[in-house]
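Source file: work-v2.txt. Holds: compact mmCIF, C-alpha atoms and all ligand atoms.
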# COMPACT_ATOMS: atom_id res chain seq x y z
CA MET A 30 -26.80 -11.24 -7.02
CA LYS A 31 -23.21 -11.36 -8.23
CA ILE A 32 -20.72 -9.59 -6.05
CA ASP A 33 -17.70 -7.81 -7.46
CA PHE A 34 -14.61 -7.70 -5.22
CA ALA A 35 -13.32 -4.21 -6.07
CA ASN A 36 -16.09 -3.07 -8.45
CA LEU A 37 -13.92 -0.85 -10.66
CA GLN A 38 -16.55 -1.00 -13.42
CA HIS A 39 -19.21 0.57 -11.19
CA GLN A 40 -16.78 3.29 -10.15
CA TYR A 41 -15.98 4.07 -13.79
CA GLN A 42 -19.66 4.32 -14.70
CA LEU A 43 -20.20 6.78 -11.82
CA TYR A 44 -17.40 9.13 -12.86
CA LYS A 45 -17.48 8.31 -16.58
CA THR A 46 -18.14 11.85 -17.80
CA GLU A 47 -15.16 13.28 -15.93
CA ILE A 48 -12.83 10.40 -16.66
CA ASP A 49 -13.63 10.26 -20.37
CA ALA A 50 -13.18 14.03 -20.68
CA ALA A 51 -9.86 13.87 -18.84
CA ILE A 52 -8.55 11.13 -21.11
CA GLN A 53 -9.85 12.86 -24.25
CA SER A 54 -8.13 16.07 -23.22
CA VAL A 55 -4.76 14.29 -23.05
CA LEU A 56 -5.41 12.70 -26.45
CA ASN A 57 -6.29 16.10 -27.91
CA LYS A 58 -3.03 17.58 -26.62
CA SER A 59 -0.97 14.41 -27.20
CA ASN A 60 1.19 15.37 -24.23
CA TYR A 61 1.74 11.78 -23.18
CA ILE A 62 4.94 12.10 -21.16
CA LEU A 63 5.12 14.44 -18.15
CA GLY A 64 2.25 16.56 -19.45
CA GLU A 65 0.77 19.26 -17.23
CA GLU A 66 -1.66 16.72 -15.73
CA VAL A 67 1.28 15.07 -13.94
CA ASP A 68 2.29 18.35 -12.39
CA LEU A 69 -1.32 19.18 -11.46
CA LEU A 70 -1.77 15.76 -9.91
CA GLU A 71 1.36 16.19 -7.80
CA ARG A 72 0.05 19.50 -6.42
CA GLU A 73 -3.30 17.83 -5.63
CA LEU A 74 -1.56 14.89 -3.94
CA GLU A 75 0.41 17.36 -1.81
CA ALA A 76 -2.80 19.17 -0.84
CA PHE A 77 -4.53 15.88 0.00
CA SER A 78 -1.69 14.37 2.01
CA GLU A 79 -0.11 17.54 3.44
CA ALA A 80 3.29 16.17 2.47
CA LYS A 81 5.46 19.04 1.21
CA HIS A 82 6.47 17.20 -1.95
CA ALA A 83 4.70 14.55 -4.00
CA ILE A 84 6.38 13.05 -7.05
CA ALA A 85 4.27 10.82 -9.26
CA CYS A 86 5.98 7.73 -10.65
CA SER A 87 5.45 4.56 -12.64
CA SER A 88 4.32 2.19 -9.86
CA GLY A 89 4.40 1.49 -6.15
CA THR A 90 7.34 -0.83 -6.77
CA ASP A 91 9.27 1.93 -8.53
CA ALA A 92 8.32 4.34 -5.74
CA LEU A 93 10.15 2.06 -3.29
CA LEU A 94 13.16 1.92 -5.60
CA LEU A 95 13.21 5.71 -6.02
CA ALA A 96 13.10 6.13 -2.25
CA MET A 97 16.05 3.81 -1.66
CA MET A 98 18.04 5.29 -4.55
CA ALA A 99 17.45 8.79 -3.17
CA LEU A 100 18.76 7.70 0.23
CA ASP A 101 21.87 6.12 -1.34
CA ILE A 102 21.13 2.62 -0.13
CA GLU A 103 24.21 0.57 -0.99
CA PRO A 104 25.00 -3.13 -1.49
CA GLY A 105 25.20 -4.83 1.88
CA ASP A 106 23.08 -2.27 3.70
CA GLU A 107 20.36 -3.80 5.83
CA ILE A 108 16.76 -2.62 5.79
CA ILE A 109 14.33 -3.81 8.43
CA THR A 110 10.84 -4.69 7.26
CA THR A 111 7.96 -7.11 7.76
CA PRO A 112 7.66 -10.61 6.29
CA PHE A 113 3.87 -10.24 6.03
CA THR A 114 3.49 -7.99 2.99
CA PHE A 115 3.44 -8.00 -0.79
CA ILE A 116 6.67 -9.22 -2.37
CA ALA A 117 7.61 -5.75 -3.73
CA THR A 118 8.48 -4.47 -0.25
CA ALA A 119 11.42 -6.83 0.20
CA GLU A 120 12.05 -7.51 -3.49
CA THR A 121 13.05 -3.89 -4.11
CA ILE A 122 15.40 -3.98 -1.10
CA ALA A 123 17.06 -7.04 -2.64
CA LEU A 124 17.14 -5.38 -6.09
CA MET A 125 19.20 -2.59 -4.51
CA LYS A 126 21.58 -5.38 -3.42
CA ALA A 127 20.70 -4.49 0.14
CA LYS A 128 19.50 -7.11 2.61
CA PRO A 129 15.92 -7.39 3.80
CA VAL A 130 15.91 -8.10 7.54
CA PHE A 131 12.53 -9.30 8.74
CA VAL A 132 10.86 -8.53 12.05
CA ASP A 133 7.61 -10.22 13.12
CA ILE A 134 4.23 -8.49 13.11
CA GLN A 135 1.64 -7.67 15.75
CA GLU A 136 -1.24 -10.10 15.84
CA ASP A 137 -3.94 -7.42 16.03
CA SER A 138 -2.77 -4.98 13.35
CA PHE A 139 -0.77 -7.28 11.01
CA ASN A 140 1.89 -4.52 10.98
CA ILE A 141 5.52 -4.67 12.09
CA ASP A 142 5.96 -4.97 15.87
CA PRO A 143 8.07 -2.02 17.06
CA ALA A 144 9.00 -3.93 20.24
CA LYS A 145 10.97 -6.40 18.10
CA ILE A 146 12.81 -3.95 15.87
CA GLU A 147 15.78 -3.02 18.05
CA ALA A 148 16.94 -6.63 18.36
CA ALA A 149 17.28 -6.73 14.55
CA ILE A 150 19.46 -3.61 14.27
CA THR A 151 23.14 -4.15 13.38
CA PRO A 152 25.91 -1.73 12.37
CA LYS A 153 24.81 -2.30 8.75
CA THR A 154 21.20 -1.25 9.29
CA ARG A 155 20.37 1.85 7.26
CA ALA A 156 16.60 2.10 7.25
CA ILE A 157 13.32 0.78 8.59
CA MET A 158 10.59 0.11 6.03
CA PRO A 159 7.25 -0.50 7.74
CA VAL A 160 4.18 -1.29 5.64
CA SER A 161 0.67 0.11 6.22
CA LEU A 162 -0.95 -3.26 5.65
CA TYR A 163 -4.58 -3.43 4.50
CA GLY A 164 -4.71 0.38 4.70
CA GLN A 165 -3.79 0.91 8.37
CA THR A 166 -0.65 2.80 9.35
CA PRO A 167 1.79 1.02 11.71
CA ASP A 168 2.94 2.39 15.10
CA LEU A 169 4.86 5.26 13.56
CA ASP A 170 5.77 7.16 16.75
CA GLU A 171 7.44 4.09 18.24
CA ILE A 172 9.13 3.20 14.94
CA LYS A 173 10.31 6.77 14.40
CA ALA A 174 11.77 6.93 17.91
CA ILE A 175 13.85 3.83 17.18
CA ALA A 176 14.90 5.18 13.79
CA ASP A 177 16.00 8.48 15.34
CA LYS A 178 17.86 6.80 18.18
CA HIS A 179 19.88 4.65 15.76
CA HIS A 180 20.17 7.24 12.96
CA LEU A 181 18.14 5.18 10.53
CA LYS A 182 15.93 6.41 7.71
CA LEU A 183 12.21 5.74 7.76
CA ILE A 184 10.69 4.66 4.43
CA ILE A 185 6.98 3.96 4.67
CA ASP A 186 5.53 1.45 2.22
CA GLY A 187 2.10 3.05 2.08
CA ALA A 188 1.12 1.27 -1.14
CA GLN A 189 -2.17 0.22 0.48
CA SER A 190 -2.81 3.29 2.59
CA PHE A 191 -2.99 6.52 0.60
CA GLY A 192 -5.27 8.78 2.65
CA ALA A 193 -4.94 6.84 5.92
CA THR A 194 -4.21 8.96 8.97
CA TYR A 195 -2.08 8.48 12.05
CA LYS A 196 -2.84 10.86 14.93
CA GLY A 197 -4.59 13.13 12.46
CA LYS A 198 -1.84 13.21 9.84
CA ALA A 199 -1.64 11.37 6.52
CA ASP A 200 1.00 8.65 6.59
CA SER A 201 2.31 10.05 3.29
CA ALA A 202 3.62 13.01 5.28
CA LEU A 203 5.26 11.05 8.09
CA GLY A 204 8.30 9.17 6.77
CA ASP A 205 11.63 10.48 5.54
CA ILE A 206 10.06 9.16 2.37
CA SER A 207 6.64 7.62 2.01
CA CYS A 208 5.61 5.58 -1.01
CA THR A 209 2.25 4.69 -2.46
CA SER A 210 0.75 2.78 -5.37
CA PHE A 211 -2.08 3.65 -7.75
CA PHE A 212 -2.44 0.09 -9.04
CA PRO A 213 -6.11 -0.19 -10.13
CA ALA A 214 -7.25 -2.25 -7.13
CA LYS A 215 -5.57 -0.07 -4.49
CA PRO A 216 -7.89 2.33 -2.65
CA LEU A 217 -7.01 5.13 -5.11
CA GLY A 218 -6.27 3.40 -8.39
CA CYS A 219 -5.49 4.55 -11.91
CA TYR A 220 -6.11 2.52 -15.09
CA GLY A 221 -2.76 0.81 -15.28
CA ASP A 222 0.39 1.13 -13.22
CA GLY A 223 1.17 4.20 -11.16
CA GLY A 224 2.58 5.36 -7.86
CA ALA A 225 4.04 8.28 -5.94
CA VAL A 226 6.74 9.18 -3.46
CA PHE A 227 6.28 11.80 -0.76
CA THR A 228 8.75 13.70 1.39
CA ASN A 229 8.99 16.89 3.40
CA ASP A 230 12.66 17.28 2.46
CA SER A 231 13.12 19.49 -0.61
CA ILE A 232 16.60 18.15 -1.40
CA ILE A 233 15.43 14.54 -1.42
CA ALA A 234 12.38 15.59 -3.45
CA GLU A 235 14.55 17.21 -6.09
CA LYS A 236 16.75 14.14 -6.25
CA MET A 237 13.76 11.80 -6.69
CA ARG A 238 12.45 14.07 -9.44
CA MET A 239 15.73 13.57 -11.28
CA LEU A 240 16.03 9.86 -10.52
CA ARG A 241 12.57 9.37 -12.03
CA VAL A 242 13.91 10.62 -15.39
CA HIS A 243 17.21 8.77 -15.68
CA GLY A 244 18.91 10.96 -13.12
CA GLN A 245 18.84 14.02 -15.32
CA GLY A 246 18.36 17.60 -14.15
CA GLN A 247 18.75 19.00 -17.61
CA ARG A 248 18.04 17.00 -20.75
CA TYR A 249 20.89 14.59 -21.52
CA HIS A 250 22.90 15.76 -18.51
CA HIS A 251 22.75 12.93 -16.01
CA LYS A 252 23.72 13.71 -12.45
CA TYR A 253 22.67 10.32 -11.05
CA ILE A 254 22.15 6.76 -12.23
CA GLY A 255 18.37 6.88 -12.36
CA MET A 256 15.54 5.03 -14.03
CA GLY A 257 12.58 5.39 -16.39
CA GLY A 258 10.10 5.89 -13.61
CA ARG A 259 7.57 8.44 -14.85
CA LEU A 260 3.81 8.30 -14.44
CA ASP A 261 2.01 8.48 -17.83
CA THR A 262 0.06 11.69 -18.43
CA LEU A 263 -3.02 9.54 -19.17
CA GLN A 264 -2.80 7.91 -15.76
CA ALA A 265 -2.37 11.30 -14.10
CA ALA A 266 -5.52 12.50 -15.89
CA VAL A 267 -7.49 9.49 -14.61
CA LEU A 268 -6.25 10.12 -11.06
CA LEU A 269 -7.09 13.84 -11.29
CA ALA A 270 -10.65 12.92 -12.25
CA LYS A 271 -10.96 10.41 -9.41
CA LEU A 272 -9.22 12.32 -6.62
CA PRO A 273 -12.10 14.77 -5.91
CA HIS A 274 -14.27 11.73 -5.06
CA TYR A 275 -11.67 9.97 -2.98
CA ALA A 276 -12.43 11.47 0.46
CA ASN A 277 -16.02 10.30 0.07
CA GLU A 278 -14.93 6.88 -1.11
CA ILE A 279 -12.76 6.51 1.99
CA LYS A 280 -15.80 7.34 4.11
CA TYR A 281 -17.89 4.73 2.27
CA ARG A 282 -15.16 2.11 2.67
CA GLN A 283 -15.10 2.85 6.39
CA GLN A 284 -18.88 2.42 6.52
CA VAL A 285 -18.62 -0.90 4.69
CA ALA A 286 -16.01 -2.06 7.22
CA GLU A 287 -18.24 -0.97 10.08
CA ALA A 288 -21.17 -2.88 8.65
CA TYR A 289 -19.02 -6.00 8.31
CA ASN A 290 -17.77 -5.54 11.89
CA ASN A 291 -21.33 -5.27 13.20
CA ASN A 292 -22.54 -8.34 11.35
CA LEU A 293 -19.57 -10.41 12.50
CA SER A 294 -19.28 -9.13 16.07
CA ASP A 295 -21.01 -12.06 17.81
CA HIS A 296 -18.93 -14.73 16.17
CA SER A 297 -15.76 -15.46 18.07
CA GLU A 298 -14.62 -18.06 15.53
CA LEU A 299 -14.05 -15.18 13.09
CA ILE A 300 -11.74 -12.42 14.19
CA SER A 301 -12.57 -9.03 12.68
CA PRO A 302 -9.82 -6.57 11.79
CA GLN A 303 -8.71 -4.19 14.55
CA ILE A 304 -8.03 -0.52 13.87
CA LYS A 305 -6.13 1.29 16.62
CA PRO A 306 -8.00 4.29 18.07
CA ASP A 307 -5.39 6.91 17.09
CA ARG A 308 -5.57 6.15 13.36
CA THR A 309 -7.88 5.57 10.42
CA SER A 310 -7.72 2.89 7.76
CA VAL A 311 -8.59 3.33 4.10
CA TRP A 312 -9.50 -0.38 4.06
CA ALA A 313 -7.44 -1.55 1.13
CA GLN A 314 -8.68 -4.93 2.33
CA TYR A 315 -11.24 -6.10 4.85
CA THR A 316 -9.41 -9.09 6.25
CA ILE A 317 -10.63 -11.49 8.91
CA ARG A 318 -8.93 -14.43 10.59
CA THR A 319 -10.34 -17.93 10.74
CA SER A 320 -8.96 -21.36 11.50
CA THR A 321 -11.19 -22.85 8.76
CA ARG A 322 -10.17 -20.72 5.80
CA GLU A 323 -10.30 -23.31 3.03
CA ALA A 324 -13.84 -24.40 3.93
CA LEU A 325 -15.02 -20.78 4.12
CA GLN A 326 -13.46 -19.88 0.80
CA GLU A 327 -15.10 -22.80 -0.91
CA LYS A 328 -18.48 -22.05 0.63
CA LEU A 329 -18.32 -18.39 -0.38
CA GLN A 330 -17.14 -19.20 -3.87
CA LYS A 331 -20.17 -21.46 -4.38
CA ALA A 332 -22.39 -18.59 -3.23
CA GLY A 333 -20.86 -16.21 -5.79
CA VAL A 334 -18.86 -14.26 -3.22
CA PRO A 335 -15.24 -13.70 -4.29
CA THR A 336 -12.54 -13.77 -1.61
CA ALA A 337 -8.78 -13.38 -1.63
CA VAL A 338 -5.84 -14.31 0.56
CA HIS A 339 -3.24 -11.60 1.16
CA TYR A 340 -0.81 -13.32 1.72
CA PRO A 341 -0.65 -17.12 1.91
CA LYS A 342 3.13 -17.34 2.26
CA PRO A 343 5.24 -14.95 4.32
CA LEU A 344 8.25 -13.50 2.55
CA HIS A 345 10.88 -15.31 4.66
CA ARG A 346 9.48 -18.60 3.28
CA GLN A 347 9.59 -17.54 -0.37
CA GLU A 348 11.94 -19.45 -2.62
CA CYS A 349 13.58 -16.25 -3.87
CA PHE A 350 14.62 -15.38 -0.30
CA GLU A 351 16.03 -18.80 0.62
CA TYR A 352 19.51 -17.24 0.52
CA LEU A 353 18.61 -15.11 3.54
CA GLY A 354 18.63 -18.30 5.63
CA TYR A 355 15.35 -17.92 7.46
CA LYS A 356 13.33 -20.98 8.44
CA ASP A 357 9.84 -21.97 9.48
CA GLY A 358 9.10 -20.74 12.98
CA ASP A 359 11.28 -17.62 12.74
CA PHE A 360 8.24 -15.31 12.60
CA PRO A 361 5.39 -17.25 14.18
CA ILE A 362 2.84 -14.43 14.15
CA ALA A 363 3.33 -13.74 10.45
CA GLU A 364 3.18 -17.48 9.75
CA LYS A 365 -0.07 -17.81 11.68
CA ALA A 366 -1.55 -14.82 9.85
CA ALA A 367 -0.58 -16.37 6.51
CA ARG A 368 -2.54 -19.51 7.47
CA GLU A 369 -5.62 -17.70 8.79
CA VAL A 370 -6.35 -14.50 6.84
CA ILE A 371 -9.07 -14.14 4.27
CA SER A 372 -10.22 -10.90 2.65
CA LEU A 373 -13.85 -10.21 1.84
CA PRO A 374 -15.09 -8.03 -1.03
CA MET A 375 -14.25 -4.40 -0.29
CA ASN A 376 -15.12 -1.31 -2.27
CA ALA A 377 -16.91 1.98 -1.70
CA PHE A 378 -20.07 0.79 -3.45
CA LEU A 379 -21.02 -2.38 -1.58
CA THR A 380 -24.66 -2.08 -0.53
CA ALA A 381 -26.10 -3.06 2.84
CA ASP A 382 -27.88 -5.96 1.09
CA GLU A 383 -24.66 -7.22 -0.42
CA ILE A 384 -22.86 -6.98 2.91
CA SER A 385 -25.68 -8.91 4.61
CA LEU A 386 -25.58 -11.57 1.93
CA ILE A 387 -21.82 -11.96 2.27
CA THR A 388 -21.86 -12.24 6.05
CA GLU A 389 -24.95 -14.48 5.95
CA ARG A 390 -23.15 -16.91 3.65
CA LEU A 391 -20.03 -16.65 5.74
CA LEU A 392 -21.79 -17.56 8.96
CA HIS A 393 -24.20 -20.28 7.80
C1 LIG B 401 0.78 -3.09 -4.26
C2 LIG B 401 1.92 -3.03 -3.34
C3 LIG B 401 3.22 -2.65 -3.76
C4 LIG B 401 3.58 -2.45 -5.19
O1 LIG B 401 2.80 -1.54 -5.89
P1 LIG B 401 2.68 -1.67 -7.48
O2 LIG B 401 2.05 -0.38 -7.87
O3 LIG B 401 1.85 -2.86 -7.77
O4 LIG B 401 4.05 -1.80 -8.03
C5 LIG B 401 4.20 -2.54 -2.80
N1 LIG B 401 3.97 -2.80 -1.51
C6 LIG B 401 2.75 -3.18 -1.06
C7 LIG B 401 2.55 -3.40 0.38
C8 LIG B 401 1.69 -3.33 -1.97
O5 LIG B 401 0.49 -3.70 -1.52
Before we go any further, please render this structure as structure tokens.
Amino acid sequence: MKIDFANLQHQYQLYKTEIDAAIQSVLNKSNYILGEEVDLLERELEAFSEAKHAIACSSGTDALLLAMMALDIEPGDEIITTPFTFIATAETIALMKAKPVFVDIQEDSFNIDPAKIEAAITPKTRAIMPVSLYGQTPDLDEIKAIADKHHLKLIIDGAQSFGATYKGKADSALGDISCTSFFPAKPLGCYGDGGAVFTNDSIIAEKMRMLRVHGQGQRYHHKYIGMGGRLDTLQAAVLLAKLPHYANEIKYRQQVAEAYNNNLSDHSELISPQIKPDRTSVWAQYTIRTSTREALQEKLQKAGVPTAVHYPKPLHRQECFEYLGYKDGDFPIAEKAAREVISLPMNAFLTADEISLITERLLH
């Protein structure tokens, strides 16, 4: 048995008829840029997430940029975020010439710790950018209360969490702006790069729509300095074909996580992921903690079980952020997580047998 981490090939074979037809239809029309599929997809994303406005864009990274551009983030502004995330979260803040200000995470959820945010706020703080790591939304009520109190914007990096809910609502609908990614290996992936921004504010939505196409409202009339940030029509077609299956896939991913949890529950040397009771995860990753990661990885690799480490080095220790002046020990919980986390294969199509084999190899 060979186990595939994300099993995109299996997924394609399952939906092949619909996906091939969707791609062929774009080829037949040759409407490659902002074709009607993009518009259709946006309406479907709005229906799925219950955000008032969804704007499809070129990647999750560009979604973060569009959000900050729309909120007029300026050089020197500070944005509070987590050091335990993918580089794009803080990289885009720095690209805006703003300053990423890190706040440590909670040990159980791996997400930013709201109790530590206020101490990081200065007169230059403009926004808080929490991340829904591994597919679970952070403590949004607490974060939003702090944002409101200090007149800060809330930008949710939901690149890993499209479809996750917090107190019954999709996290795409809960920020001033929420961003997601359709990178192939994310829970809802296209066949290349893609992303989306979401907001309930129609003025910000309109602005992001323009920013996505070089800041133009009307062709060759540029109201803003924008970017080339469109989603390809082909990618929209792929997503439109996959979206009707997505609710089921989320359910299957949750069942896979539950099966892992059950198999690992009696083993205190491995700490299973914790999902808070008022929210659901879309399980972008199934990530456990262990103090013997290297040995486990090697053992699993020999048994044909792929694993991954998201992320081995917290952002405040990255060379590119040396100029921020952080040092080892500044965010001990993120640093510990970076030493201990390991992600097991996760996709909607893992069978009970495969899950047993993986946990069997993990434990013996
Ligand atoms: C994947 C990811 C991004 C970037 O998305 P891309 O589509 O790859 O540009 C940003 N933030 C987080 C937390 C991510 O996991």
Choose the residue, out of A:Pro361, A:Pro159, A:Gly164, A:Pro341, that has the smallest atom-to-atom separation from Thr194 in chain A; count all atoms listed in the file.
->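 Among the listed residues, A:Gly164 lies closest to Thr194 in chain A.
Rounded to one decimal, CA of Pro302 in chain A and CA of Gly224 in chain A lie 26.1 Å from each other.
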Compile a residue-level contact table for chain A against ligand LIG 401 (chain B) at a cut-off of 8 Å, reporting for every qualifying residue the shortest atom pair and its distance in Å to one decimal, with all atoms listed in the file counted, rows ordered by chain and ascending number, as CSV.
residue,atom,partner,partner_atom,distance
A:Ser87,CA,B:LIG401,O2,7.7
A:Ser88,CA,B:LIG401,O2,4.0
A:Gly89,CA,B:LIG401,O1,3.4
A:Thr90,CA,B:LIG401,O4,3.7
A:Asp91,CA,B:LIG401,O4,6.4
A:Ala92,CA,B:LIG401,O4,7.8
A:Leu93,CA,B:LIG401,C5,7.5
A:Thr114,CA,B:LIG401,C7,5.4
A:Phe115,CA,B:LIG401,C7,4.8
A:Ile116,CA,B:LIG401,N1,7.0
A:Ala117,CA,B:LIG401,C5,4.8
A:Thr118,CA,B:LIG401,N1,5.0
A:Val160,CA,B:LIG401,C7,5.9
A:Ser161,CA,B:LIG401,C7,7.1
A:Leu162,CA,B:LIG401,C7,6.3
A:Tyr163,CA,B:LIG401,O5,7.9
A:Asp186,CA,B:LIG401,N1,5.9
A:Gly187,CA,B:LIG401,C7,6.7
A:Ala188,CA,B:LIG401,C8,4.7
A:Gln189,CA,B:LIG401,O5,5.1
A:Thr209,CA,B:LIG401,O1,7.1
A:Ser210,CA,B:LIG401,O2,4.2
A:Phe211,CA,B:LIG401,O2,5.8
A:Phe212,CA,B:LIG401,O2,4.7
A:Lys215,CA,B:LIG401,C1,7.0
A:Asp222,CA,B:LIG401,O2,5.8
A:Gly223,CA,B:LIG401,O2,5.7
A:Gly224,CA,B:LIG401,O2,5.8
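Residue nearest Ile254 in chain A, chosen from A:Ala266, A:Pro104, A:Arg72, A:Leu240 and counting only C-alpha atoms: A:Leu240.
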Would you mind reading off the distance between CA of Asp106 in chain A and CA of Tyr340 in chain A, one decimal, in Å?
->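 Pair CA of Asp106 in chain A / CA of Tyr340 in chain A returns 26.4 Å.
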Calculate how many Å separate CA of Leu74 in chain A from CA of Leu272 in chain A, rounding to one decimal.
-> 8.5 Å
